[in-house]
Structures are given as structure tokens and as C-alpha cells.
$ cat structure.cif   # mmCIF, C-alpha atoms
data_upload
loop_
_atom_site.label_atom_id
_atom_site.label_comp_id
_atom_site.auth_asym_id
_atom_site.auth_seq_id
_atom_site.Cartn_x
_atom_site.Cartn_y
_atom_site.Cartn_z
CA MET A 1423 -43.35 88.90 -1.16
CA LYS A 1424 -44.09 85.27 -1.92
CA LYS A 1425 -45.36 83.02 0.83
CA PHE A 1426 -42.95 80.38 2.06
CA THR A 1427 -44.24 76.88 2.72
CA LEU A 1428 -43.18 74.01 4.95
CA PRO A 1429 -41.39 71.37 2.85
CA ASP A 1430 -42.46 67.76 3.27
CA LEU A 1431 -40.05 65.40 4.93
CA PRO A 1432 -38.36 63.20 2.29
CA TYR A 1433 -39.02 60.10 4.44
CA ALA A 1434 -41.44 58.84 7.08
CA TYR A 1435 -41.34 60.19 10.64
CA ASP A 1436 -39.96 56.89 11.93
CA ALA A 1437 -37.49 56.31 9.08
CA LEU A 1438 -34.42 57.53 10.98
CA GLN A 1439 -34.93 55.33 14.01
CA PRO A 1440 -33.14 54.39 16.20
CA VAL A 1441 -30.93 57.48 15.71
CA ILE A 1442 -33.86 59.94 15.77
CA ASP A 1443 -37.18 58.75 17.17
CA LYS A 1444 -40.57 59.23 15.54
CA GLU A 1445 -41.95 61.60 18.18
CA THR A 1446 -38.96 63.93 17.92
CA MET A 1447 -39.30 64.07 14.13
CA MET A 1448 -43.01 64.88 14.36
CA PHE A 1449 -42.53 67.72 16.84
CA HIS A 1450 -39.39 69.00 15.15
CA HIS A 1451 -40.84 69.17 11.64
CA ASP A 1452 -44.56 69.74 12.20
CA LYS A 1453 -44.29 72.17 15.11
CA HIS A 1454 -40.87 73.84 15.22
CA HIS A 1455 -40.13 74.13 11.49
CA ALA A 1456 -43.75 75.00 10.73
CA ALA A 1457 -43.62 77.83 13.28
CA TYR A 1458 -40.52 79.26 11.64
CA VAL A 1459 -42.23 79.29 8.26
CA ASN A 1460 -45.41 80.91 9.61
CA ASN A 1461 -43.50 83.56 11.55
CA LEU A 1462 -41.24 84.27 8.58
CA ASN A 1463 -44.27 84.98 6.42
CA LYS A 1464 -45.62 87.33 9.09
CA ALA A 1465 -42.29 89.15 9.36
CA LEU A 1466 -42.11 89.66 5.58
CA GLU A 1467 -45.74 90.71 5.17
CA GLY A 1468 -46.04 94.06 3.43
CA LEU A 1469 -42.38 94.28 2.45
CA ASP A 1470 -41.50 95.00 -1.17
CA LEU A 1471 -38.40 92.85 -1.66
CA GLN A 1472 -36.95 91.64 -4.94
CA PHE A 1473 -36.06 88.18 -3.61
CA ASP A 1474 -37.97 84.95 -4.26
CA ASN A 1475 -35.96 82.54 -2.08
CA ILE A 1476 -34.87 82.46 1.54
CA GLU A 1477 -31.19 82.17 0.72
CA SER A 1478 -31.13 85.54 -1.04
CA ILE A 1479 -33.00 87.15 1.83
CA LEU A 1480 -30.45 85.91 4.37
CA GLU A 1481 -27.60 87.08 2.15
CA ASN A 1482 -29.11 90.58 1.95
CA LEU A 1483 -30.30 91.28 5.47
CA ASP A 1484 -29.26 94.93 5.18
CA GLN A 1485 -32.28 95.37 2.90
CA ILE A 1486 -34.69 94.23 5.63
CA PRO A 1487 -36.07 97.06 7.78
CA GLU A 1488 -34.30 97.13 11.13
CA ASP A 1489 -37.50 96.60 13.12
CA LYS A 1490 -38.10 93.29 11.28
CA ARG A 1491 -34.54 92.14 10.70
CA GLN A 1492 -34.11 89.98 13.80
CA ALA A 1493 -37.43 88.23 13.20
CA VAL A 1494 -36.29 87.44 9.65
CA ILE A 1495 -32.93 86.17 10.93
CA ASN A 1496 -34.59 83.95 13.54
CA ASN A 1497 -37.37 82.55 11.39
CA GLY A 1498 -35.78 82.76 7.97
CA GLY A 1499 -32.69 81.09 9.34
CA GLY A 1500 -34.87 78.49 11.02
CA HIS A 1501 -36.59 77.71 7.73
CA TYR A 1502 -33.39 77.60 5.70
CA ASN A 1503 -31.34 75.61 8.21
CA HIS A 1504 -34.04 73.01 8.71
CA SER A 1505 -34.64 72.62 4.98
CA LEU A 1506 -30.97 71.75 4.57
CA PHE A 1507 -31.07 69.50 7.64
CA TRP A 1508 -33.94 67.26 6.48
CA GLU A 1509 -32.45 66.58 3.06
CA ALA A 1510 -29.00 65.86 4.52
CA MET A 1511 -30.33 62.73 6.25
CA LYS A 1512 -31.76 59.49 4.93
CA PRO A 1513 -32.68 56.07 6.34
CA GLY A 1514 -30.13 53.30 6.01
CA ALA A 1515 -27.39 55.68 4.95
CA PRO A 1516 -24.07 54.01 4.03
CA LYS A 1517 -21.13 54.81 6.30
CA SER A 1518 -19.26 57.86 5.05
CA PRO A 1519 -19.41 57.30 1.25
CA VAL A 1520 -17.66 60.56 0.46
CA SER A 1521 -16.74 61.28 -3.12
CA GLU A 1522 -13.10 61.29 -4.18
CA ASP A 1523 -13.04 65.10 -4.50
CA LEU A 1524 -14.61 65.64 -1.09
CA ARG A 1525 -12.34 63.08 0.53
CA GLU A 1526 -9.28 64.86 -0.88
CA ALA A 1527 -10.54 68.19 0.47
CA ILE A 1528 -11.29 66.69 3.89
CA ASN A 1529 -7.85 65.12 3.98
CA ALA A 1530 -6.24 68.43 3.05
CA ASP A 1531 -8.20 70.59 5.50
CA PHE A 1532 -8.72 68.22 8.44
CA GLY A 1533 -6.15 65.48 8.05
CA GLY A 1534 -8.72 62.77 7.36
CA LEU A 1535 -12.39 61.90 7.70
CA GLU A 1536 -12.18 60.75 11.31
CA ASN A 1537 -10.40 63.96 12.30
CA PHE A 1538 -13.17 65.93 10.61
CA LYS A 1539 -15.87 63.98 12.47
CA GLN A 1540 -14.10 64.51 15.79
CA GLU A 1541 -13.82 68.26 15.19
CA PHE A 1542 -17.47 68.43 14.09
CA GLU A 1543 -18.66 66.58 17.21
CA ALA A 1544 -16.45 68.66 19.50
CA LYS A 1545 -17.70 71.92 18.01
CA GLY A 1546 -21.28 70.72 18.37
CA VAL A 1547 -20.82 69.78 22.01
CA ALA A 1548 -19.09 73.10 22.73
CA GLN A 1549 -21.87 75.23 21.21
CA PHE A 1550 -23.28 77.01 24.26
CA GLY A 1551 -27.06 76.88 24.38
CA SER A 1552 -29.08 76.51 21.20
CA GLY A 1553 -27.49 76.48 17.77
CA TRP A 1554 -25.99 74.46 14.94
CA VAL A 1555 -22.71 72.87 13.94
CA TRP A 1556 -21.72 72.97 10.27
CA LEU A 1557 -19.30 71.81 7.62
CA VAL A 1558 -18.94 74.82 5.35
CA TYR A 1559 -16.91 75.94 2.37
CA GLN A 1560 -15.39 79.39 2.75
CA ASP A 1561 -12.22 81.11 1.57
CA ASP A 1562 -11.43 78.16 -0.72
CA LYS A 1563 -11.35 75.60 2.07
CA LEU A 1564 -13.55 73.42 4.26
CA LYS A 1565 -14.21 74.57 7.83
CA VAL A 1566 -16.22 73.41 10.83
CA VAL A 1567 -18.15 76.27 12.43
CA SER A 1568 -21.03 76.68 14.84
CA THR A 1569 -23.81 79.27 14.79
CA LYS A 1570 -26.07 80.44 17.60
CA ASN A 1571 -29.83 80.09 17.61
CA GLN A 1572 -31.02 79.97 13.97
CA ASP A 1573 -28.22 82.02 12.45
CA SER A 1574 -27.03 80.55 9.15
CA PRO A 1575 -23.46 80.34 7.82
CA ILE A 1576 -24.52 82.11 4.64
CA MET A 1577 -24.98 85.25 6.74
CA ASP A 1578 -21.17 85.20 7.08
CA GLY A 1579 -20.47 84.39 3.44
CA ALA A 1580 -19.95 80.65 3.91
CA VAL A 1581 -21.63 77.87 1.92
CA PRO A 1582 -23.16 75.22 4.22
CA LEU A 1583 -22.51 71.65 3.11
CA LEU A 1584 -23.70 69.74 6.18
CA GLY A 1585 -25.34 70.94 9.37
CA ASN A 1586 -26.61 69.31 12.55
CA ASP A 1587 -29.21 70.92 14.78
CA VAL A 1588 -28.05 71.01 18.42
CA TRP A 1589 -31.10 72.73 19.84
CA GLU A 1590 -32.47 70.55 22.64
CA HIS A 1591 -35.71 69.94 20.74
CA ALA A 1592 -33.67 68.05 18.12
CA TYR A 1593 -32.52 65.32 20.50
CA TYR A 1594 -33.79 65.69 24.07
CA LEU A 1595 -36.67 63.18 24.01
CA LYS A 1596 -34.23 60.37 23.23
CA TYR A 1597 -30.84 61.56 24.43
CA GLN A 1598 -31.79 63.95 27.27
CA ASN A 1599 -28.65 65.94 28.11
CA ARG A 1600 -26.33 63.59 26.19
CA ARG A 1601 -25.68 65.86 23.23
CA ALA A 1602 -22.36 64.13 22.52
CA ASP A 1603 -24.14 60.77 22.10
CA TYR A 1604 -26.61 62.35 19.67
CA LEU A 1605 -23.82 63.89 17.60
CA LYS A 1606 -21.93 60.60 17.41
CA ALA A 1607 -25.01 58.55 16.50
CA TRP A 1608 -26.08 61.07 13.85
CA TRP A 1609 -23.39 59.98 11.38
CA ASP A 1610 -25.44 56.80 10.78
CA VAL A 1611 -28.16 58.81 8.99
CA VAL A 1612 -26.08 61.42 7.13
CA ASN A 1613 -26.95 61.50 3.44
CA TRP A 1614 -23.46 61.80 1.99
CA ASP A 1615 -24.88 61.83 -1.56
CA VAL A 1616 -26.33 65.26 -0.77
CA VAL A 1617 -23.09 66.45 0.84
CA ASN A 1618 -21.12 65.28 -2.20
CA LYS A 1619 -23.53 67.10 -4.51
CA ARG A 1620 -23.32 70.32 -2.51
CA PHE A 1621 -19.55 70.18 -2.53
CA SER A 1622 -19.36 69.48 -6.27
CA HIS A 1623 -21.43 72.61 -6.93
CA VAL A 1624 -19.89 74.73 -4.21
CA ARG A 1625 -18.45 77.32 -6.56
CA ASP A 1626 -21.90 77.86 -8.05
CA HIS A 1627 -23.40 78.05 -4.56
CA LEU A 1628 -26.26 75.92 -3.26
CA PRO A 1629 -29.55 75.48 -5.12
CA LYS A 1630 -32.15 77.95 -3.98
CA ILE A 1631 -34.79 76.76 -1.50
CA ASP A 1632 -38.32 77.83 -2.31
#
$ encode --input "structure.cif" --output "C-alpha cells"
Amino acid sequence: MKKFTLPDLPYAYDALQPVIDKETMMFHHDKHHAAYVNNLNKALEGLDLQFDNIESILENLDQIPEDKRQAVINNGGGHYNHSLFWEAMKPGAPKSPVSEDLREAINADFGGLENFKQEFEAKGVAQFGSGWVWLVYQDDKLKVVSTKNQDSPIMDGAVPLLGNDVWEHAYYLKYQNRRADYLKAWWDVVNWDVVNKRFSHVRDHLPKID
């Protein structure tokens, strides 16, 4: 198996302030994400798999030996989810510049952008314990779903378009127990260009993450 590596952040640690503070970004990326990558490599060590990207591994978990499967789910999901998370944010992001095609789909499936945001925030607040809230494409429609721990929507056949980390380490230094405030503030740093791109290629699935 190839060795997975920690991707660099596409911006400085303090670039997403005041929504996400510098210290949180440093711990989140350099400690938490790095640990997932290191533990993923340990879990895959010695396995003869025909996959060269984390997405394919998570889509074919039945080919992982049972005694290593949960470690691959936890750490492979952690690596994949965080890789999507970093690139779906950017400093100074414009407010909701969704493409025409995505806007039409959001209108059809949620009744408008604000309705979608409200459902996304509500699902994120309602996620019990650690996990994620996602906008996904599945069964020819957009859906808002949540996943526990580091489980990824692709494990259930969905294509993730946008995901927010609601583990406490993602927001607690700044927001403490105010997860709802974090979810609401987060829209100010969403990189809608990436979401538009993912949606436009949804039928071809997401690009593979090395």
C-alpha cells in the first residue's frame, strides 16, 4: 500500500478568523488530521490492496480484514473528511455564490438556499456527540445528512459536496458549547466555488484524494 500524507492547508492558520481562530486551526490540522493520517498508514501496513486513494478504500471496506476495518473507517474517514473540509473553506468567501445549476437543485430539493442552510444547521446541532453534517448527492437529489465520528457519506453510496466538522475540537476553543453559533458563523468561510465544482461533476464522482 502507498503511504498517505497530510495535505497542506490551502491558506494560513489565521486566514479564517474571526470564524475559526488560529489556535484551533493549528491543533485541528497539525495534530488531529495528522494523527488520522499516521494511524491510517499503520492500519494499512502489510495489506495487499489494489487501491491508491482513500476514497476507493472507503468504498470497498469489505475488502479490509475485519480486525483492521474499524481502524481504517476511523482514520481513513478522518483523513478523507478533513481533506474535503479544508478545501471547502477560504478566507473572505463571498456570501452564497451558488451556481445556477446548484441553485436550481437546492430550490427543488429544499425550497431555497435559506431553507437548506437552516436544515444543515439543525442537523449539525442535532448530531449527538462527535460527527459531521453534510450536503450530499444521492439517489438523483440533494440531501442533508449527518454521520457519526469519522464515518463518511461515501460509505453509504452518497457523494459529499459540503461537510462541516462538529467534533468539539473543531470549534470549542472559540465557541465552547455553542455549536449552533459555530454552524451559523461557518457560512462566512464556505468556498462555494468548490461546492459548485463538486456538484457540476457529481455524476462522475469526486476527484480522488491522494
$ closest_residue --input "structure.cif" --among "A:Pro1582, A:His1450, A:Leu1466, A:Ala1457" --to "Asp1489 in chain A" --atoms "only C-alpha atoms"
A:Leu1466
$ atom_distance --input "structure.cif" --atom1 "CA of Tyr1559 in chain A" --atom2 "CA of Val1616 in chain A"
14.6 Å
$ atom_distance --input "structure.cif" --atom1 "CA of Pro1487 in chain A" --atom2 "CA of Lys1425 in chain A"
18.2 Å
$ closest_residue --input "structure.cif" --among "A:Glu1543, A:Asp1484, A:Glu1477, A:Asp1610" --to "Ser1505 in chain A" --atoms "only C-alpha atoms"
A:Glu1477
$ closest_residue --input "structure.cif" --among "A:Phe1449, A:Phe1532, A:Tyr1458, A:Trp1508" --to "Asn1496 in chain A" --atoms "all atoms listed in the file"
A:Tyr1458
$ closest_atom_pairs --input "structure.cif" --of "range 1498-1525 of chain A" --to "range 1467-1475 of chain A" --cutoff "12 Å" --atoms "all atoms listed in the file" --output "Markdown table"
| residue | atom | partner | partner_atom | distance |
| --- | --- | --- | --- | --- |
| A:Gly1498 | CA | A:Asn1475 | CA | 10.1 |
| A:Gly1499 | CA | A:Asn1475 | CA | 12.0 |
| A:His1501 | CA | A:Asn1475 | CA | 11.0 |
| A:Tyr1502 | CA | A:Asn1475 | CA | 9.6 |
$ atom_distance --input "structure.cif" --atom1 "CA of Arg1491 in chain A" --atom2 "CA of Leu1428 in chain A"
20.9 Å
$ resolve_selection --input "structure.cif" --expression "the PyMOL selection byres ((chain A and resi 1566) around 6)" --output "compact mmCIF listing (two decimals) with C-alpha atoms, in the coordinates of the input"
# COMPACT_ATOMS: atom_id res chain seq x y z
CA TRP A 1556 -21.72 72.97 10.27
CA LEU A 1557 -19.30 71.81 7.62
CA LYS A 1565 -14.21 74.57 7.83
CA VAL A 1567 -18.15 76.27 12.43
$ residues_near_point --input "structure.cif" --point "(-20.3, 70.8, -4.7)" --cutoff "12 Å" --atoms "only C-alpha atoms" --output "number ranges by chain"
A: 1520-1524, 1527, 1558-1559, 1564, 1581-1584, 1614-1629
$ closest_residue --input "structure.cif" --among "A:Ser1518, A:Phe1507, A:Tyr1593, A:Ile1495" --to "Asn1571 in chain A" --atoms "all atoms listed in the file"
A:Ile1495
$ closest_residue --input "structure.cif" --among "A:Gln1540, A:Asp1578, A:Gly1500, A:Met1511" --to "Trp1554 in chain A" --atoms "all atoms listed in the file"
A:Gly1500
$ closest_atom_pairs --input "structure.cif" --of "range 1491-1582 of chain A" --to "range 1598-1603 of chain A" --cutoff "9 Å" --atoms "only C-alpha atoms" --output "Markdown table"
| residue | atom | partner | partner_atom | distance |
| --- | --- | --- | --- | --- |
| A:Glu1543 | CA | A:Ala1602 | CA | 6.9 |
| A:Ala1544 | CA | A:Ala1602 | CA | 8.0 |
| A:Gly1546 | CA | A:Ala1602 | CA | 7.9 |
| A:Val1547 | CA | A:Ala1602 | CA | 5.9 |
$ residues_around --input "structure.cif" --residues "Phe1426 in chain A" --least-positions-apart "6" --cutoff "9 Å" --atoms "only C-alpha atoms" --output "tab-separated table (two decimals) with C-alpha atoms, in the coordinates of the input"
chain	number	residue	atom	x	y	z
A	1459	VAL	CA	-42.23	79.29	8.26
A	1460	ASN	CA	-45.41	80.91	9.61
A	1462	LEU	CA	-41.24	84.27	8.58
A	1463	ASN	CA	-44.27	84.98	6.42
A	1475	ASN	CA	-35.96	82.54	-2.08
A	1476	ILE	CA	-34.87	82.46	1.54
A	1501	HIS	CA	-36.59	77.71	7.73
A	1632	ASP	CA	-38.32	77.83	-2.31
$ resolve_selection --input "structure.cif" --expression "the PyMOL selection byres ((chain A and resi 1592) around 9)" --output "JSON, numbers by chain"
{"A": [1442, 1446, 1447, 1449, 1450, 1587, 1588, 1589, 1590, 1591, 1593, 1594, 1595]}
$ write_last_selection --input "structure.cif" --atoms "C-alpha atoms" --output "PDB file, keeping the file's coordinate frame"
ATOM      1  CA  ILE A1442     -33.860  59.940  15.770  1.00  0.00           C
ATOM      2  CA  THR A1446     -38.960  63.930  17.920  1.00  0.00           C
ATOM      3  CA  MET A1447     -39.300  64.070  14.130  1.00  0.00           C
ATOM      4  CA  PHE A1449     -42.530  67.720  16.840  1.00  0.00           C
ATOM      5  CA  HIS A1450     -39.390  69.000  15.150  1.00  0.00           C
ATOM      6  CA  ASP A1587     -29.210  70.920  14.780  1.00  0.00           C
ATOM      7  CA  VAL A1588     -28.050  71.010  18.420  1.00  0.00           C
ATOM      8  CA  TRP A1589     -31.100  72.730  19.840  1.00  0.00           C
ATOM      9  CA  GLU A1590     -32.470  70.550  22.640  1.00  0.00           C
ATOM     10  CA  HIS A1591     -35.710  69.940  20.740  1.00  0.00           C
ATOM     11  CA  TYR A1593     -32.520  65.320  20.500  1.00  0.00           C
ATOM     12  CA  TYR A1594     -33.790  65.690  24.070  1.00  0.00           C
ATOM     13  CA  LEU A1595     -36.670  63.180  24.010  1.00  0.00           C
TER      14      LEU A1595
END
$ closest_residue --input "structure.cif" --among "A:Thr1569, A:Ser1552, A:Ser1574, A:Asn1482" --to "Asn1503 in chain A" --atoms "all atoms listed in the file"
A:Ser1574
$ closest_atom_pairs --input "structure.cif" --of "range 1453-1518 of chain A" --to "range 1605-1609 of chain A" --cutoff "12 Å" --atoms "all atoms listed in the file" --output "JSON lines"
{"residue": "A:Phe1507", "atom": "CA", "partner": "A:Trp1608", "partner_atom": "CA", "distance": 11.6}
{"residue": "A:Ala1510", "atom": "CA", "partner": "A:Trp1609", "partner_atom": "CA", "distance": 10.6}
{"residue": "A:Met1511", "atom": "CA", "partner": "A:Trp1608", "partner_atom": "CA", "distance": 8.9}
{"residue": "A:Lys1512", "atom": "CA", "partner": "A:Trp1609", "partner_atom": "CA", "distance": 10.6}
{"residue": "A:Pro1513", "atom": "CA", "partner": "A:Trp1608", "partner_atom": "CA", "distance": 11.2}
{"residue": "A:Gly1514", "atom": "CA", "partner": "A:Trp1609", "partner_atom": "CA", "distance": 10.9}
{"residue": "A:Ala1515", "atom": "CA", "partner": "A:Trp1609", "partner_atom": "CA", "distance": 8.7}
{"residue": "A:Pro1516", "atom": "CA", "partner": "A:Trp1609", "partner_atom": "CA", "distance": 9.5}
{"residue": "A:Lys1517", "atom": "CA", "partner": "A:Trp1609", "partner_atom": "CA", "distance": 7.6}
{"residue": "A:Ser1518", "atom": "CA", "partner": "A:Trp1609", "partner_atom": "CA", "distance": 7.8}
$ decode --input "structure.cif" --residues "range 1474-1493 of chain A" --atoms "N, CA and C atoms" --output "CSV table (one decimal), in the first residue's frame"
chain,number,residue,atom,x,y,z
A,1474,ASP,N,-5.3,3.0,-4.7
A,1474,ASP,CA,-4.2,4.0,-4.5
A,1474,ASP,C,-4.8,5.3,-4.0
A,1475,ASN,N,-6.1,5.3,-3.5
A,1475,ASN,CA,-6.6,6.6,-3.0
A,1475,ASN,C,-7.6,6.2,-1.8
A,1476,ILE,N,-7.8,7.1,-0.9
A,1476,ILE,CA,-8.6,6.8,0.3
A,1476,ILE,C,-10.1,6.7,-0.1
A,1477,GLU,N,-10.5,7.3,-1.1
A,1477,GLU,CA,-11.9,7.2,-1.5
A,1477,GLU,C,-12.3,5.8,-1.8
A,1478,SER,N,-11.4,5.2,-2.7
A,1478,SER,CA,-11.7,3.8,-3.1
A,1478,SER,C,-11.6,2.8,-1.9
A,1479,ILE,N,-10.8,3.1,-1.0
A,1479,ILE,CA,-10.7,2.2,0.2
A,1479,ILE,C,-12.0,2.3,1.0
A,1480,LEU,N,-12.5,3.5,1.2
A,1480,LEU,CA,-13.7,3.6,2.0
A,1480,LEU,C,-15.0,3.1,1.2
A,1481,GLU,N,-14.9,3.0,-0.1
A,1481,GLU,CA,-16.0,2.5,-0.9
A,1481,GLU,C,-15.9,1.0,-0.9
A,1482,ASN,N,-14.8,0.4,-0.5
A,1482,ASN,CA,-14.6,-1.1,-0.6
A,1482,ASN,C,-14.1,-1.6,0.8
A,1483,LEU,N,-14.8,-1.3,1.8
A,1483,LEU,CA,-14.4,-1.7,3.2
A,1483,LEU,C,-14.5,-3.2,3.4
A,1484,ASP,N,-15.3,-3.8,2.6
A,1484,ASP,CA,-15.5,-5.3,2.7
A,1484,ASP,C,-14.2,-6.0,2.4
A,1485,GLN,N,-13.3,-5.3,1.7
A,1485,GLN,CA,-12.0,-5.9,1.3
A,1485,GLN,C,-10.9,-5.7,2.4
A,1486,ILE,N,-11.3,-5.0,3.4
A,1486,ILE,CA,-10.3,-4.8,4.5
A,1486,ILE,C,-10.5,-5.9,5.5
A,1487,PRO,N,-9.5,-6.5,6.0
A,1487,PRO,CA,-9.7,-7.5,7.0
A,1487,PRO,C,-10.4,-7.0,8.2
A,1488,GLU,N,-11.3,-7.8,8.8
A,1488,GLU,CA,-12.2,-7.4,9.8
A,1488,GLU,C,-11.5,-6.8,11.0
A,1489,ASP,N,-10.3,-7.4,11.4
A,1489,ASP,CA,-9.6,-6.9,12.5
A,1489,ASP,C,-9.0,-5.5,12.3
A,1490,LYS,N,-8.9,-5.0,11.1
A,1490,LYS,CA,-8.4,-3.7,10.8
A,1490,LYS,C,-9.5,-2.7,10.3
A,1491,ARG,N,-10.6,-3.3,10.0
A,1491,ARG,CA,-11.7,-2.5,9.3
A,1491,ARG,C,-12.1,-1.2,10.1
A,1492,GLN,N,-12.3,-1.3,11.4
A,1492,GLN,CA,-12.8,-0.2,12.1
A,1492,GLN,C,-11.7,0.9,12.2
A,1493,ALA,N,-10.4,0.5,12.3
A,1493,ALA,CA,-9.3,1.5,12.4
A,1493,ALA,C,-9.2,2.2,11.0
